[in-house]
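The next block is run_1.cif, given as mmCIF, C-alpha atoms and all ligand atoms.
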```
data_upload
#
loop_
_atom_site.label_atom_id
_atom_site.label_comp_id
_atom_site.auth_asym_id
_atom_site.auth_seq_id
_atom_site.Cartn_x
_atom_site.Cartn_y
_atom_site.Cartn_z
CA MET A 1 45.83 14.73 -78.16
CA ARG A 2 42.25 15.09 -79.45
CA PRO A 3 39.88 17.06 -77.27
CA TYR A 4 37.67 17.49 -80.34
CA LEU A 5 37.60 16.64 -84.03
CA LEU A 6 38.06 19.44 -86.51
CA LEU A 7 35.34 19.15 -89.14
CA THR A 8 36.91 22.04 -90.99
CA PRO A 9 38.62 22.57 -94.34
CA GLY A 10 42.12 22.73 -92.86
CA PRO A 11 43.88 22.86 -90.54
CA LEU A 12 42.09 19.61 -89.97
CA THR A 13 42.18 16.53 -87.78
CA THR A 14 45.50 14.77 -88.24
CA THR A 15 46.56 11.33 -87.02
CA ASP A 16 48.59 10.93 -83.85
CA THR A 17 51.42 9.52 -85.96
CA VAL A 18 51.54 12.69 -88.08
CA LYS A 19 51.73 14.76 -84.90
CA GLN A 20 54.39 12.47 -83.41
CA ALA A 21 56.57 12.91 -86.49
CA MET A 22 57.13 16.48 -85.32
CA LEU A 23 58.90 15.47 -82.11
CA MET A 24 62.39 15.43 -83.55
CA ASP A 25 64.48 18.46 -84.49
CA TRP A 26 66.05 18.59 -87.93
CA CYS A 27 68.96 20.48 -89.42
CA THR A 28 68.02 22.15 -92.71
CA TRP A 29 71.60 21.70 -93.85
CA ASP A 30 71.82 17.99 -93.20
CA GLU A 31 71.07 15.38 -95.84
CA ASP A 32 68.84 13.43 -93.43
CA TYR A 33 66.46 16.33 -93.91
CA ASN A 34 66.92 17.69 -97.39
CA VAL A 35 67.83 14.59 -99.41
CA HIS A 36 65.75 12.04 -97.53
CA ILE A 37 62.72 14.10 -96.66
CA VAL A 38 62.41 17.13 -98.93
CA GLN A 39 63.50 15.49 -102.17
CA GLU A 40 61.38 12.43 -101.47
CA ILE A 41 58.33 14.62 -100.87
CA ARG A 42 58.95 16.55 -104.07
CA ARG A 43 59.12 13.34 -106.08
CA GLN A 44 56.07 11.82 -104.38
CA LEU A 45 53.98 14.93 -105.01
CA VAL A 46 54.68 14.86 -108.73
CA GLU A 47 53.82 11.16 -108.81
CA LEU A 48 50.56 11.86 -107.02
CA ALA A 49 49.74 14.54 -109.58
CA THR A 50 50.39 12.64 -112.79
CA GLN A 51 51.28 9.43 -114.56
CA HIS A 52 53.71 11.52 -116.65
CA PRO A 53 56.08 12.76 -113.94
CA ASP A 54 58.92 13.67 -116.31
CA GLU A 55 57.12 16.72 -117.68
CA TYR A 56 56.43 18.14 -114.23
CA THR A 57 58.34 19.23 -111.16
CA SER A 58 57.36 20.45 -107.71
CA ILE A 59 58.27 23.41 -105.56
CA LEU A 60 57.65 23.62 -101.82
CA LEU A 61 57.16 27.10 -100.39
CA GLN A 62 56.92 28.41 -96.82
CA GLY A 63 53.63 29.95 -95.72
CA SER A 64 49.98 29.12 -96.14
CA GLY A 65 48.26 28.16 -99.39
CA THR A 66 47.65 31.76 -100.42
CA TYR A 67 51.41 32.38 -100.50
CA CYS A 68 51.67 29.70 -103.17
CA VAL A 69 48.74 31.06 -105.20
CA GLU A 70 50.34 34.50 -105.04
CA SER A 71 53.75 33.09 -105.99
CA VAL A 72 52.36 31.42 -109.10
CA ILE A 73 50.34 34.43 -110.24
CA GLY A 74 53.29 36.74 -109.54
CA CYS A 75 55.77 34.56 -111.46
CA ALA A 76 53.74 33.14 -114.33
CA ILE A 77 52.02 36.29 -115.61
CA LYS A 78 54.51 38.52 -117.43
CA PRO A 79 53.76 42.19 -118.14
CA THR A 80 52.90 41.21 -121.71
CA ASP A 81 50.50 38.43 -120.61
CA LYS A 82 46.85 38.64 -119.67
CA LEU A 83 45.19 36.50 -117.03
CA LEU A 84 41.55 35.44 -116.98
CA ILE A 85 40.30 34.47 -113.52
CA LEU A 86 37.14 32.36 -113.21
CA SER A 87 35.52 32.93 -109.84
CA ASN A 88 32.53 31.59 -107.97
CA GLY A 89 33.71 32.24 -104.43
CA ALA A 90 36.14 33.85 -102.03
CA TYR A 91 39.19 31.95 -103.25
CA GLY A 92 38.60 32.87 -106.88
CA ASP A 93 38.10 36.47 -105.78
CA ARG A 94 41.34 36.26 -103.83
CA MET A 95 43.21 35.53 -107.06
CA GLY A 96 41.69 38.74 -108.42
CA HIS A 97 42.89 40.55 -105.31
CA ILE A 98 46.41 39.23 -105.91
CA ALA A 99 46.31 40.29 -109.58
CA GLU A 100 45.22 43.77 -108.40
CA TYR A 101 48.13 44.03 -105.95
CA TYR A 102 50.56 43.10 -108.73
CA HIS A 103 48.97 45.51 -111.22
CA LEU A 104 48.58 42.64 -113.66
CA ASN A 105 46.75 42.79 -116.91
CA TYR A 106 43.76 40.60 -115.99
CA ASP A 107 40.05 40.11 -116.20
CA ILE A 108 37.71 38.26 -113.88
CA LEU A 109 34.57 36.35 -114.84
CA SER A 110 32.40 36.12 -111.73
CA PHE A 111 29.67 33.57 -111.30
CA ASP A 112 27.08 33.08 -108.61
CA GLU A 113 28.54 31.35 -105.55
CA THR A 114 26.00 28.57 -105.79
CA GLU A 115 26.65 27.90 -109.48
CA GLN A 116 29.53 26.20 -111.22
CA VAL A 117 31.77 28.19 -113.53
CA SER A 118 29.81 28.24 -116.79
CA LEU A 119 31.48 26.57 -119.75
CA SER A 120 29.49 28.50 -122.34
CA TYR A 121 30.49 31.86 -120.78
CA VAL A 122 34.13 30.83 -120.72
CA ASP A 123 33.92 29.59 -124.29
CA ASP A 124 32.31 32.83 -125.42
CA TYR A 125 34.82 34.96 -123.51
CA LEU A 126 37.84 33.14 -124.89
CA ALA A 127 36.42 33.29 -128.42
CA HIS A 128 36.27 37.10 -128.16
CA ASN A 129 39.42 37.81 -126.17
CA ALA A 130 42.42 36.47 -128.01
CA ASP A 131 44.81 38.47 -125.79
CA ILE A 132 44.27 36.12 -122.83
CA THR A 133 47.38 34.00 -122.19
CA HIS A 134 46.48 32.30 -118.89
CA VAL A 135 43.29 31.09 -117.22
CA ALA A 136 43.02 30.48 -113.47
CA ILE A 137 40.31 28.51 -111.70
CA VAL A 138 39.62 27.07 -108.24
CA HIS A 139 38.84 23.34 -108.38
CA CYS A 140 36.82 22.94 -105.18
CA GLU A 141 35.57 26.36 -103.98
CA THR A 142 35.84 25.89 -100.25
CA THR A 143 33.63 28.97 -99.76
CA THR A 144 30.56 26.83 -100.42
CA GLY A 145 31.98 23.37 -101.18
CA ILE A 146 31.07 23.59 -104.87
CA LEU A 147 33.11 21.50 -107.27
CA ASN A 148 33.95 23.23 -110.53
CA PRO A 149 33.90 21.23 -113.79
CA LEU A 150 37.69 21.16 -114.03
CA LYS A 151 37.90 18.59 -116.79
CA ASP A 152 35.60 20.51 -119.12
CA VAL A 153 37.12 23.91 -118.31
CA ALA A 154 40.62 22.51 -118.85
CA HIS A 155 39.54 21.06 -122.18
CA LEU A 156 38.22 24.45 -123.32
CA VAL A 157 41.25 26.36 -122.10
CA LYS A 158 43.55 23.99 -123.96
CA MET A 159 41.40 24.15 -127.09
CA TYR A 160 42.06 27.90 -127.13
CA GLY A 161 45.77 27.27 -126.49
CA LYS A 162 45.90 29.07 -123.11
CA ARG A 163 47.93 28.19 -120.05
CA LEU A 164 46.03 26.84 -117.06
CA ILE A 165 46.53 27.60 -113.37
CA VAL A 166 44.49 25.55 -110.88
CA ASP A 167 43.97 26.28 -107.21
CA ALA A 168 43.43 22.69 -106.11
CA MET A 169 44.13 23.62 -102.51
CA SER A 170 41.20 21.81 -100.96
CA SER A 171 40.96 18.93 -103.46
CA PHE A 172 44.47 17.70 -104.26
CA GLY A 173 45.01 14.31 -102.61
CA GLY A 174 41.28 13.94 -101.96
CA ILE A 175 39.88 13.94 -105.50
CA PRO A 176 41.68 12.01 -108.26
CA LEU A 177 43.10 14.09 -111.12
CA ASP A 178 46.04 14.00 -113.53
CA VAL A 179 47.67 17.33 -114.38
CA TYR A 180 49.10 15.97 -117.64
CA ASP A 181 45.77 14.64 -118.87
CA LEU A 182 44.03 17.88 -117.95
CA GLY A 183 46.77 20.07 -119.41
CA VAL A 184 47.33 21.91 -116.13
CA ASP A 185 50.45 24.11 -116.16
CA PHE A 186 50.47 25.06 -112.47
CA LEU A 187 48.58 23.30 -109.70
CA ILE A 188 48.64 24.70 -106.19
CA SER A 189 47.87 23.01 -102.88
CA SER A 190 49.05 23.04 -99.28
CA ALA A 191 50.18 20.76 -96.48
CA ASN A 192 47.12 21.03 -94.26
CA LYS A 193 44.33 19.95 -96.59
CA CYS A 194 43.64 16.55 -98.17
CA ILE A 195 47.16 15.18 -97.71
CA GLN A 196 46.34 15.59 -93.99
CA GLY A 197 49.52 17.28 -92.81
CA VAL A 198 49.79 20.31 -90.52
CA PRO A 199 49.94 23.93 -91.71
CA GLY A 200 53.20 25.69 -92.54
CA PHE A 201 53.92 25.33 -96.23
CA GLY A 202 52.31 24.86 -99.60
CA PHE A 203 53.42 23.38 -102.88
CA ILE A 204 53.18 23.87 -106.60
CA ILE A 205 53.17 21.18 -109.27
CA ALA A 206 54.53 22.93 -112.35
CA ARG A 207 55.00 21.96 -115.94
CA ARG A 208 58.77 22.21 -116.35
CA SER A 209 58.63 24.22 -119.57
CA GLU A 210 56.27 26.76 -117.96
CA LEU A 211 58.38 27.05 -114.82
CA MET A 212 61.40 27.89 -117.01
CA ARG A 213 59.38 30.77 -118.41
CA CYS A 214 59.07 32.19 -114.87
CA LYS A 215 62.78 32.92 -114.57
CA GLY A 216 63.30 36.58 -113.73
CA VAL A 217 59.56 37.40 -113.69
CA ALA A 218 58.91 37.39 -109.91
CA ARG A 219 58.00 40.69 -108.26
CA SER A 220 58.75 39.28 -104.80
CA LEU A 221 61.96 37.66 -103.61
CA SER A 222 60.32 35.38 -101.03
CA LEU A 223 57.68 34.27 -103.53
CA ASP A 224 60.02 33.63 -106.46
CA ILE A 225 59.13 30.04 -107.35
CA TYR A 226 61.79 29.79 -110.04
CA ASP A 227 64.52 30.75 -107.60
CA GLN A 228 63.05 28.48 -104.91
CA TRP A 229 62.98 25.60 -107.40
CA GLU A 230 66.52 26.21 -108.64
CA THR A 231 67.87 26.23 -105.07
CA MET A 232 66.01 22.99 -104.31
CA GLU A 233 67.32 21.35 -107.48
CA LYS A 234 70.94 22.45 -107.12
CA GLY A 235 70.99 22.05 -103.34
CA HIS A 236 69.27 18.63 -103.42
CA GLY A 237 66.32 19.65 -101.31
CA LYS A 238 67.64 22.85 -99.74
CA TRP A 239 65.08 25.61 -99.28
CA ARG A 240 66.23 29.19 -99.83
CA PHE A 241 65.22 30.40 -96.40
CA THR A 242 64.45 28.57 -93.14
CA SER A 243 61.97 25.81 -93.86
CA PRO A 244 59.28 24.58 -91.44
CA THR A 245 61.27 21.41 -90.69
CA HIS A 246 58.84 19.75 -88.28
CA VAL A 247 55.90 20.45 -90.55
CA VAL A 248 57.78 19.03 -93.51
CA ARG A 249 58.64 15.88 -91.58
CA ALA A 250 55.00 15.50 -90.56
CA PHE A 251 53.99 15.91 -94.20
CA LYS A 252 56.29 13.05 -95.19
CA GLN A 253 54.47 10.89 -92.65
CA ALA A 254 51.11 12.09 -94.00
CA LEU A 255 52.13 11.08 -97.54
CA GLU A 256 53.08 7.61 -96.30
CA GLU A 257 49.68 7.34 -94.61
CA LEU A 258 47.93 8.41 -97.82
CA ASP A 259 49.76 5.62 -99.62
CA ALA A 260 48.90 3.11 -96.88
CA GLU A 261 45.23 4.07 -97.14
CA GLY A 262 45.33 3.06 -100.80
CA GLY A 263 46.17 6.40 -102.43
CA VAL A 264 43.96 9.20 -103.66
CA GLU A 265 41.17 6.92 -104.96
CA ALA A 266 40.75 5.27 -101.56
CA ARG A 267 40.86 8.58 -99.75
CA HIS A 268 38.31 10.00 -102.13
CA ALA A 269 36.03 7.03 -101.42
CA ARG A 270 36.34 7.63 -97.67
CA TYR A 271 35.58 11.34 -98.04
CA CYS A 272 32.53 10.49 -100.17
CA LYS A 273 31.32 8.11 -97.48
CA ASN A 274 31.90 10.75 -94.82
CA HIS A 275 29.95 13.21 -96.91
CA ASP A 276 27.05 10.82 -97.58
CA THR A 277 26.78 9.93 -93.90
CA LEU A 278 26.80 13.61 -92.99
CA VAL A 279 24.27 14.75 -95.56
CA SER A 280 21.75 11.94 -95.16
CA GLY A 281 21.96 12.33 -91.38
CA MET A 282 21.51 16.09 -91.45
CA ARG A 283 18.62 15.82 -93.91
CA SER A 284 16.91 13.29 -91.65
CA LEU A 285 17.06 15.99 -88.94
CA GLY A 286 15.50 18.60 -91.23
CA PHE A 287 18.61 20.43 -92.42
CA GLN A 288 19.05 21.39 -96.07
CA THR A 289 22.24 21.74 -98.05
CA LEU A 290 22.98 25.03 -99.80
CA LEU A 291 23.99 23.27 -103.01
CA PRO A 292 22.27 20.66 -105.14
CA ASP A 293 23.95 17.25 -104.97
CA ASP A 294 25.24 17.30 -108.55
CA VAL A 295 27.65 20.22 -107.94
CA GLN A 296 28.55 19.38 -104.35
CA SER A 297 32.11 18.24 -103.52
CA PRO A 298 32.85 15.55 -100.94
CA ILE A 299 35.26 18.01 -99.23
CA ILE A 300 33.06 20.44 -97.33
CA THR A 301 29.29 20.98 -97.20
CA SER A 302 27.30 24.16 -96.55
CA PHE A 303 24.03 23.82 -94.65
CA LEU A 304 21.31 26.45 -94.51
CA TYR A 305 20.22 27.67 -91.10
CA PRO A 306 17.20 25.46 -90.29
CA GLU A 307 15.01 28.40 -89.29
CA GLU A 308 15.15 32.15 -89.01
CA GLY A 309 16.83 33.22 -85.80
CA PHE A 310 18.87 30.00 -85.62
CA ASN A 311 21.59 30.57 -83.05
CA PHE A 312 24.77 29.32 -84.71
CA LYS A 313 26.99 30.33 -81.79
CA ASP A 314 24.96 28.25 -79.40
CA PHE A 315 24.83 25.30 -81.83
CA TYR A 316 28.59 25.56 -82.36
CA GLY A 317 29.29 25.64 -78.61
CA LYS A 318 27.10 22.63 -77.89
CA LEU A 319 28.71 20.61 -80.67
CA LYS A 320 32.15 21.56 -79.42
CA GLU A 321 31.25 20.33 -75.93
CA ARG A 322 30.37 17.03 -77.62
CA GLY A 323 33.69 16.83 -79.44
CA PHE A 324 33.07 18.42 -82.83
CA VAL A 325 34.29 21.73 -84.16
CA ILE A 326 32.42 22.96 -87.24
CA TYR A 327 32.85 26.03 -89.42
CA PRO A 328 30.84 29.20 -89.98
CA GLY A 329 29.49 30.01 -93.44
CA LYS A 330 31.26 32.35 -95.81
CA ILE A 331 28.65 33.68 -98.21
CA SER A 332 26.45 36.75 -98.08
CA GLN A 333 23.34 35.53 -99.93
CA ALA A 334 22.25 32.96 -97.35
CA ASP A 335 22.79 32.11 -93.69
CA THR A 336 24.86 28.95 -93.67
CA PHE A 337 27.38 26.97 -91.68
CA ARG A 338 29.86 24.46 -93.04
CA ILE A 339 30.99 20.99 -92.05
CA GLY A 340 34.19 19.53 -93.46
CA ASN A 341 34.60 15.89 -94.46
CA ILE A 342 38.38 15.83 -94.83
CA GLY A 343 41.15 14.85 -92.41
CA ASP A 344 41.54 11.78 -90.24
CA VAL A 345 37.79 11.50 -89.83
CA HIS A 346 35.67 8.51 -90.74
CA PRO A 347 32.01 7.63 -91.39
CA GLN A 348 31.52 6.53 -87.76
CA ASP A 349 32.63 10.02 -86.64
CA PHE A 350 29.85 11.48 -88.76
CA GLU A 351 27.35 9.02 -87.29
CA LYS A 352 28.35 10.30 -83.85
CA LEU A 353 28.08 13.86 -85.06
CA ILE A 354 24.53 13.26 -86.27
CA GLU A 355 23.68 11.77 -82.86
CA ALA A 356 25.08 14.90 -81.22
CA VAL A 357 23.07 17.17 -83.52
CA ARG A 358 19.93 15.15 -82.76
CA GLU A 359 20.55 15.62 -79.03
CA ILE A 360 20.88 19.39 -79.16
CA ARG A 361 18.13 20.14 -81.68
C1 LIG B 1 42.54 26.80 -97.98
C2 LIG B 1 42.40 27.35 -99.34
C3 LIG B 1 43.32 28.30 -99.84
C4 LIG B 1 44.46 28.85 -99.03
O1 LIG B 1 44.07 29.52 -97.93
P1 LIG B 1 45.12 29.84 -96.78
O2 LIG B 1 44.29 30.53 -95.75
O3 LIG B 1 46.17 30.70 -97.35
O4 LIG B 1 45.67 28.52 -96.34
C5 LIG B 1 43.20 28.70 -101.15
N1 LIG B 1 42.23 28.22 -101.94
C6 LIG B 1 41.33 27.31 -101.51
C7 LIG B 1 40.29 26.80 -102.46
C8 LIG B 1 41.39 26.86 -100.18
O5 LIG B 1 40.50 25.94 -99.76
#
```
Do you think you could lay out the structure here as structure tokens?
Amino acid sequence: MRPYLLLTPGPLTTTDTVKQAMLMDWCTWDEDYNVHIVQEIRRQLVELATQHPDEYTSILLQGSGTYCVESVIGCAIKPTDKLLILSNGAYGDRMGHIAEYYHLNYDILSFDETEQVSLSYVDDYLAHNADITHVAIVHCETTTGILNPLKDVAHLVKMYGKRLIVDAMSSFGGIPLDVYDLGVDFLISSANKCIQGVPGFGFIIARRSELMRCKGVARSLSLDIYDQWETMEKGHGKWRFTSPTHVVRAFKQALEELDAEGGVEARHARYCKNHDTLVSGMRSLGFQTLLPDDVQSPIITSFLYPEEGFNFKDFYGKLKERGFVIYPGKISQADTFRIGNIGDVHPQDFEKLIEAVREIR
């Protein structure tokens, strides 16, 4: 089932047991599915997100992660609100793109892709723009692998009394956080990232009081998270429209495997070890990382091309022949490629990867 490992930011390498969980067909109407799988997942997600689960709820939504980001932006920002987007990469920019589509009242603060969102800029902006009601930020910008200072940004945003939306797509389940402690109002992630499920749906952890405020705001029926939530609550796990049943069942298995691994802390430790093995190995072969270590996430790492004229396609093909699929770069300022550390991949896999890189260089 594994011709090669995906060293990518999702879809990623999943366990055989997660894949096997998809071998049974489920009826969306039957309680074996909705009560015992969907409702359990919803509860487990809130418990993963916070030690104060009563204040929060979760919504599962069909589609990829972007559908969930769009659903939150389209439901949380009323015509009388104003959104501030903090961006240092493609996923932050994508939130701006969504706001543009919805003709929202918004502003975007853009930072260099190789720099963290700047606290002093955000502080200054919020001090001079009292009309802002919501702030949105990407936790781990998968574009480069940079980790934004979520705790400090959240602290600032709350100090100014604004609502906080976090795209934690590529970090949730892989980096410990507590939405209550941070003051997050909406957190968004998806099935095929650090929880190590397969693609097909995403989810939102929402502060209950803020979700109530979304009633009647949605500009899209399919992406109405209030309506989706209400149907799930009243129908005990029923989705409004056909749900990706096999994917959802696989996700339940993935959550059990996260728990068996020792939870988010243990997974984070494994990802850090993966990352350390990768980076020290690549550096020993003469490669350099795009980012300095102090802003680098353990999720995905960007490497600079080792020399001008480096043939990425050839490098990619040779690594694939040796059982590793890596990822192209996504920024314009430098020639890079990316290697993911998340999924059912372990430090010994990265040792083998380094051996493979040594062979072909
Ligand atoms: C993966 C990802 C998304 C969602 O992308 P999709 O292609 O819609 O799955 C959004 N934000 C971040 C930071 C991501 O890593």
Query raised in the report: Using all atoms listed in the file, which of the listed residues (A:Leu7, A:Met22, A:Ala99, A:Ile37) sits closest to Lys238 in chain A?
Result: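 The closest residue to Lys238 in chain A is A:Ile37.
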Requested in this report: Identify, counting all atoms listed in the file, the protein, DNA and RNA residues located within 6 Å of ligand LIG 1 (chain B), and give them as a VMD selection string.
Outcome: chain A and resid 64 to 66 91 138 140 to 142 167 169 to 170
Query raised in the report: Quick one, how far is CA of Ile41 in chain A from CA of Gln253 in chain A?
Result: 9.8 Å
Sorted by chain and rising residue number, list the residues of range 55-151 of chain A at most 6 Å from range 204-224 of chain A (counting all atoms listed in the file), each with its closest atom pair and distance in Å to one decimal, as a Markdown table.
```
| residue | atom | partner | partner_atom | distance |
| --- | --- | --- | --- | --- |
| A:Glu55 | CA | A:Arg208 | CA | 5.9 |
| A:Tyr56 | CA | A:Arg207 | CA | 4.4 |
| A:Thr57 | CA | A:Ala206 | CA | 5.4 |
| A:Ser58 | CA | A:Ile205 | CA | 4.5 |
| A:Ile59 | CA | A:Ile204 | CA | 5.2 |
| A:Ser71 | CA | A:Leu223 | CA | 4.8 |
| A:Gly74 | CA | A:Ala218 | CA | 5.7 |
| A:Cys75 | CA | A:Ala218 | CA | 4.5 |
| A:Ala76 | CA | A:Cys214 | CA | 5.4 |
```
Query raised in the report: CA of Thr14 in chain A and CA of Pro328 in chain A are how many Å apart?
Result: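 Taking CA of Thr14 in chain A and CA of Pro328 in chain A, their separation equals 20.6 Å.
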Query raised in the report: Which of these residues is nearest to Asp107 in chain A, using all atoms listed in the file: A:Asp81, A:Asp123, A:Glu256, A:Asp185?
Result: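 Ranking A:Asp81, A:Asp123, A:Glu256, A:Asp185 by distance to Asp107 in chain A, first place goes to A:Asp81.
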Report summary line: Students should find that CA of Phe312 in chain A and CA of Gly281 in chain A are spaced 18.5 Å
**Report entry** Top pick for closest residue to Gly343 in chain A, considering A:Ile77, A:Leu12, A:Ile299, A:Leu164 and counting only C-alpha atoms
**Finding:**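 Among the listed residues, A:Leu12 lies closest to Gly343 in chain A.
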